[in-house]
Structures are given as structure tokens and as C-alpha cells.
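For reference, run.cif is printed below; it contains mmCIF, C-alpha atoms, pLDDT in the B column; chains and numbers go by the auth columns.
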data_coords
loop_
_atom_site.group_PDB
_atom_site.id
_atom_site.type_symbol
_atom_site.label_atom_id
_atom_site.label_comp_id
_atom_site.label_asym_id
_atom_site.label_seq_id
_atom_site.Cartn_x
_atom_site.Cartn_y
_atom_site.Cartn_z
_atom_site.B_iso_or_equiv
_atom_site.auth_seq_id
_atom_site.auth_asym_id
ATOM 1 C CA MET A 1 0.000 0.000 0.000 47.00 1 A
ATOM 2 C CA SER A 2 2.900 2.358 0.699 48.00 2 A
ATOM 3 C CA CYS A 3 4.110 1.787 -2.873 50.00 3 A
ATOM 4 C CA LEU A 4 1.128 3.627 -4.364 51.00 4 A
ATOM 5 C CA LEU A 5 2.897 6.956 -3.984 53.00 5 A
ATOM 6 C CA PRO A 6 6.651 6.357 -4.232 57.00 6 A
ATOM 7 C CA GLY A 7 7.583 9.922 -3.268 58.00 7 A
ATOM 8 C CA TRP A 8 5.208 9.967 -0.289 55.00 8 A
ATOM 9 C CA ASN A 9 7.668 8.303 2.122 57.00 9 A
ATOM 10 C CA VAL A 10 10.372 10.799 1.151 57.00 10 A
ATOM 11 C CA PHE A 11 7.943 13.662 1.731 59.00 11 A
ATOM 12 C CA LEU A 12 6.931 12.355 5.173 57.00 12 A
ATOM 13 C CA TYR A 13 10.564 11.770 6.109 54.00 13 A
ATOM 14 C CA SER A 14 11.408 15.339 5.055 55.00 14 A
ATOM 15 C CA LEU A 15 8.574 16.689 7.201 54.00 15 A
ATOM 16 C CA MET A 16 9.827 14.651 10.153 59.00 16 A
ATOM 17 C CA LEU A 17 13.359 16.028 9.721 52.00 17 A
ATOM 18 C CA LEU A 18 12.066 19.598 9.491 56.00 18 A
ATOM 19 C CA ARG A 19 10.037 19.145 12.680 60.00 19 A
ATOM 20 C CA LYS A 20 13.038 17.659 14.502 56.00 20 A
ATOM 21 C CA LYS A 21 15.294 20.492 13.291 52.00 21 A
ATOM 22 C CA LYS A 22 12.732 23.080 14.471 54.00 22 A
ATOM 23 C CA GLU A 23 12.548 21.416 17.911 54.00 23 A
ATOM 24 C CA GLN A 24 16.345 21.346 18.170 49.00 24 A
ATOM 25 C CA LYS A 25 16.523 25.041 17.262 47.00 25 A
ATOM 26 C CA GLN A 26 13.891 25.896 19.874 54.00 26 A
ATOM 27 C CA ASN A 27 15.749 23.828 22.476 57.00 27 A
ATOM 28 C CA SER A 28 19.236 25.132 21.697 74.00 28 A
ATOM 29 C CA GLY A 29 20.758 26.614 24.789 91.00 29 A
ATOM 30 C CA LYS A 30 18.498 24.443 26.945 94.00 30 A
ATOM 31 C CA ALA A 31 19.629 21.594 29.164 94.00 31 A
ATOM 32 C CA ARG A 32 18.320 18.815 31.396 95.00 32 A
ATOM 33 C CA ALA A 33 20.233 17.245 34.266 96.00 33 A
ATOM 34 C CA HIS A 34 19.179 14.258 36.380 96.00 34 A
ATOM 35 C CA VAL A 35 21.082 14.134 39.656 96.00 35 A
ATOM 36 C CA PHE A 36 21.418 11.752 42.586 97.00 36 A
ATOM 37 C CA VAL A 37 22.963 12.923 45.851 96.00 37 A
ATOM 38 C CA ALA A 38 24.002 10.677 48.741 97.00 38 A
ATOM 39 C CA GLY A 39 25.242 11.459 52.227 96.00 39 A
ATOM 40 C CA ARG A 40 23.589 13.537 54.942 96.00 40 A
ATOM 41 C CA VAL A 41 20.979 14.918 52.544 96.00 41 A
ATOM 42 C CA GLN A 42 17.685 14.125 54.241 93.00 42 A
ATOM 43 C CA GLY A 43 16.466 16.053 57.265 93.00 43 A
ATOM 44 C CA VAL A 44 18.717 19.024 56.429 95.00 44 A
ATOM 45 C CA LEU A 45 16.229 21.033 54.305 96.00 45 A
ATOM 46 C CA PHE A 46 17.926 19.847 51.105 97.00 46 A
ATOM 47 C CA ARG A 47 14.706 19.730 49.052 96.00 47 A
ATOM 48 C CA LEU A 48 13.442 23.084 50.292 97.00 48 A
ATOM 49 C CA ASN A 49 16.731 24.813 49.570 97.00 49 A
ATOM 50 C CA THR A 50 16.958 23.102 46.174 98.00 50 A
ATOM 51 C CA ARG A 51 13.529 24.509 45.278 98.00 51 A
ATOM 52 C CA LYS A 52 14.573 27.990 46.446 98.00 52 A
ATOM 53 C CA GLU A 53 17.790 27.872 44.400 97.00 53 A
ATOM 54 C CA ALA A 54 15.941 26.593 41.339 98.00 54 A
ATOM 55 C CA GLY A 55 13.472 29.459 41.675 97.00 55 A
ATOM 56 C CA ARG A 56 16.296 31.963 41.961 97.00 56 A
ATOM 57 C CA LEU A 57 17.903 30.587 38.797 97.00 57 A
ATOM 58 C CA GLY A 58 14.661 30.118 36.849 97.00 58 A
ATOM 59 C CA VAL A 59 15.141 26.346 36.580 97.00 59 A
ATOM 60 C CA SER A 60 12.160 23.999 36.414 98.00 60 A
ATOM 61 C CA GLY A 61 11.845 20.331 37.416 98.00 61 A
ATOM 62 C CA TRP A 62 11.536 18.492 40.710 98.00 62 A
ATOM 63 C CA VAL A 63 13.360 17.098 43.739 98.00 63 A
ATOM 64 C CA ARG A 64 12.479 14.206 46.050 97.00 64 A
ATOM 65 C CA ASN A 65 13.828 11.995 48.825 96.00 65 A
ATOM 66 C CA LEU A 66 14.462 8.365 47.980 96.00 66 A
ATOM 67 C CA ALA A 67 13.798 5.464 50.329 95.00 67 A
ATOM 68 C CA ASP A 68 17.521 4.582 50.346 95.00 68 A
ATOM 69 C CA GLY A 69 18.430 7.967 51.886 95.00 69 A
ATOM 70 C CA ARG A 70 19.516 9.733 48.700 97.00 70 A
ATOM 71 C CA VAL A 71 17.965 12.780 47.054 97.00 71 A
ATOM 72 C CA GLU A 72 17.027 12.716 43.374 97.00 72 A
ATOM 73 C CA ALA A 73 16.338 15.768 41.226 98.00 73 A
ATOM 74 C CA VAL A 74 15.713 16.758 37.625 98.00 74 A
ATOM 75 C CA PHE A 75 16.597 20.254 36.418 98.00 75 A
ATOM 76 C CA GLU A 76 15.572 21.848 33.128 97.00 76 A
ATOM 77 C CA GLY A 77 16.112 25.293 31.720 96.00 77 A
ATOM 78 C CA ASN A 78 18.756 27.577 30.321 94.00 78 A
ATOM 79 C CA GLU A 79 21.975 25.583 29.963 94.00 79 A
ATOM 80 C CA GLN A 80 24.049 27.964 32.095 95.00 80 A
ATOM 81 C CA ASN A 81 21.431 28.050 34.860 96.00 81 A
ATOM 82 C CA VAL A 82 21.097 24.254 34.895 96.00 82 A
ATOM 83 C CA GLU A 83 24.876 23.969 35.199 96.00 83 A
ATOM 84 C CA GLN A 84 24.789 26.410 38.138 97.00 84 A
ATOM 85 C CA MET A 85 22.013 24.333 39.712 97.00 85 A
ATOM 86 C CA VAL A 86 24.063 21.139 39.317 96.00 86 A
ATOM 87 C CA ASN A 87 27.084 22.840 40.891 96.00 87 A
ATOM 88 C CA TRP A 88 24.958 24.077 43.800 97.00 88 A
ATOM 89 C CA THR A 89 23.584 20.556 44.301 96.00 89 A
ATOM 90 C CA ARG A 90 27.132 19.147 44.544 94.00 90 A
ATOM 91 C CA LYS A 91 27.454 21.153 47.800 94.00 91 A
ATOM 92 C CA GLY A 92 23.836 21.465 48.935 95.00 92 A
ATOM 93 C CA PRO A 93 22.719 23.527 51.912 95.00 93 A
ATOM 94 C CA ILE A 94 25.122 24.262 54.774 94.00 94 A
ATOM 95 C CA TRP A 95 23.825 21.361 56.913 95.00 95 A
ATOM 96 C CA ALA A 96 24.287 18.733 54.190 96.00 96 A
ATOM 97 C CA LYS A 97 27.329 16.508 53.809 96.00 97 A
ATOM 98 C CA ILE A 98 27.669 15.091 50.303 95.00 98 A
ATOM 99 C CA ASP A 99 29.357 11.679 50.112 95.00 99 A
ATOM 100 C CA ASP A 100 28.441 10.797 46.538 95.00 100 A
ATOM 101 C CA PHE A 101 27.069 12.745 43.602 93.00 101 A
ATOM 102 C CA SER A 102 26.120 11.723 40.075 95.00 102 A
ATOM 103 C CA VAL A 103 24.642 13.623 37.162 95.00 103 A
ATOM 104 C CA VAL A 104 23.246 12.322 33.901 95.00 104 A
ATOM 105 C CA TRP A 105 22.769 14.884 31.130 94.00 105 A
ATOM 106 C CA GLU A 106 19.566 14.065 29.270 94.00 106 A
ATOM 107 C CA ASP A 107 17.745 15.576 26.309 92.00 107 A
ATOM 108 C CA TYR A 108 15.801 18.707 27.184 93.00 108 A
ATOM 109 C CA SER A 109 12.069 17.987 27.103 93.00 109 A
ATOM 110 C CA GLY A 110 10.423 21.220 28.237 93.00 110 A
ATOM 111 C CA GLU A 111 7.874 19.218 30.210 95.00 111 A
ATOM 112 C CA PHE A 112 8.035 21.340 33.378 96.00 112 A
ATOM 113 C CA THR A 113 6.571 24.772 34.029 94.00 113 A
ATOM 114 C CA ALA A 114 7.794 25.153 37.613 97.00 114 A
ATOM 115 C CA PHE A 115 10.013 23.491 40.208 98.00 115 A
ATOM 116 C CA GLU A 116 8.358 21.261 42.782 97.00 116 A
ATOM 117 C CA ILE A 117 9.137 19.087 45.745 97.00 117 A
ATOM 118 C CA ARG A 118 7.791 15.615 45.127 96.00 118 A
ATOM 119 C CA HIS A 119 6.773 13.354 47.967 91.00 119 A
ATOM 120 C CA ASP A 120 6.793 10.071 46.086 77.00 120 A
ATOM 121 C CA SER A 121 9.831 7.813 46.291 62.00 121 A
ATOM 122 C CA GLN A 122 10.562 4.865 44.064 53.00 122 A
#
Serialized structure, C-alpha cells:
Amino acid sequence: MSCLLPGWNVFLYSLMLLRKKKEQKQNSGKARAHVFVAGRVQGVLFRLNTRKEAGRLGVSGWVRNLADGRVEAVFEGNEQNVEQMVNWTRKGPIWAKIDDFSVVWEDYSGEFTAFEIRHDSQ
């Protein structure tokens, strides 16, 4: 059935490439970071201070405590601001003691409109 219009597949593929290129252009300068922080990071206002810092920097996403004692967060926004947020998270608030830190740079999705503290842990 797809052989009825031989140029149709090329046309659809071209449209798909144009859409992807437009999305990449819109997302240029944007970043997404997924971080995990271990150490004394729960009970020291880590999530609250993370939300405050994200608000100051204009970064969206979320932060939550994990059942294993770590904190997990996702940051999205301007690349420079997300990098600043990641650097802040490496230290955390004054009462925190970071023993281990990891960051995974993911594709920007634009799915968040604000920064929130989540209360679900997986």
C-alpha cells in the first residue's frame, strides 16, 4: 500500500526532519540534568533549599527523597542556569554533607513549568 505513492515516504521523512530540526533550534541553549545525591541529605532542608535555588535561577523540574536515603532531582532550563544548579547541588545547603554525587545529562524535554518538591519515592 505504501508503494502507491513512491515519493510519499520521502515527503513524510522530510517533514519529520524539518520538525526535529525546528525542535532542536527551539531547544538550543536548553539543558536537562538528572542528579542523585548521597550522604547527609535528608532532614537538612535539602529539598526546600533546592527549590529555592531553582526558583532563583529560573530552573524547572523536581526534587524528592528516595527510600535509600539519597535525594534525586531533575533540572531543566537555560543551559548555564542548569549547570549552576548542578554545581549548587554538589554542595547542597550548609547542613548537608555530600558523600556521593552523580549527574546524567539528558535531552531537554520542556515538560516542566515550575520546580516542585515531590513526595513520592521509588
Sphere at (23.8, 2.4, 48.3), radius 10 Å, counting all atoms listed in the file: residues as a PyMOL selection string: chain A and resi 38-39+68-70+100
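For the point (11.4, 21.7, 36.6) in file coordinates, the residues within 8 Å, using only C-alpha atoms, are Val59, Ser60, Gly61, Trp62, Val74, Phe75, Glu76, Gly77, Glu111, Phe112, Thr113, Ala114, Phe115 and Glu116 of chain A.
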Contacts of region 30-36 of chain A within 12 Å, all atoms listed in the file, excl. fewer than 6 positions in-chain, as a ChimeraX atom specification: /A:23-24,50,59-66,68-90,92,98-112
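What separates CA of Gln42 (chain A) from CA of Gly58 (chain A) is a distance of 23.8 Å.
Relative to CA of Val37 (chain A), CA of Pro93 (chain A) is found at 12.2 Å.
The two atoms in question, CA of Val41 (chain A) and CA of Lys97 (chain A), are spaced 6.7 Å apart.
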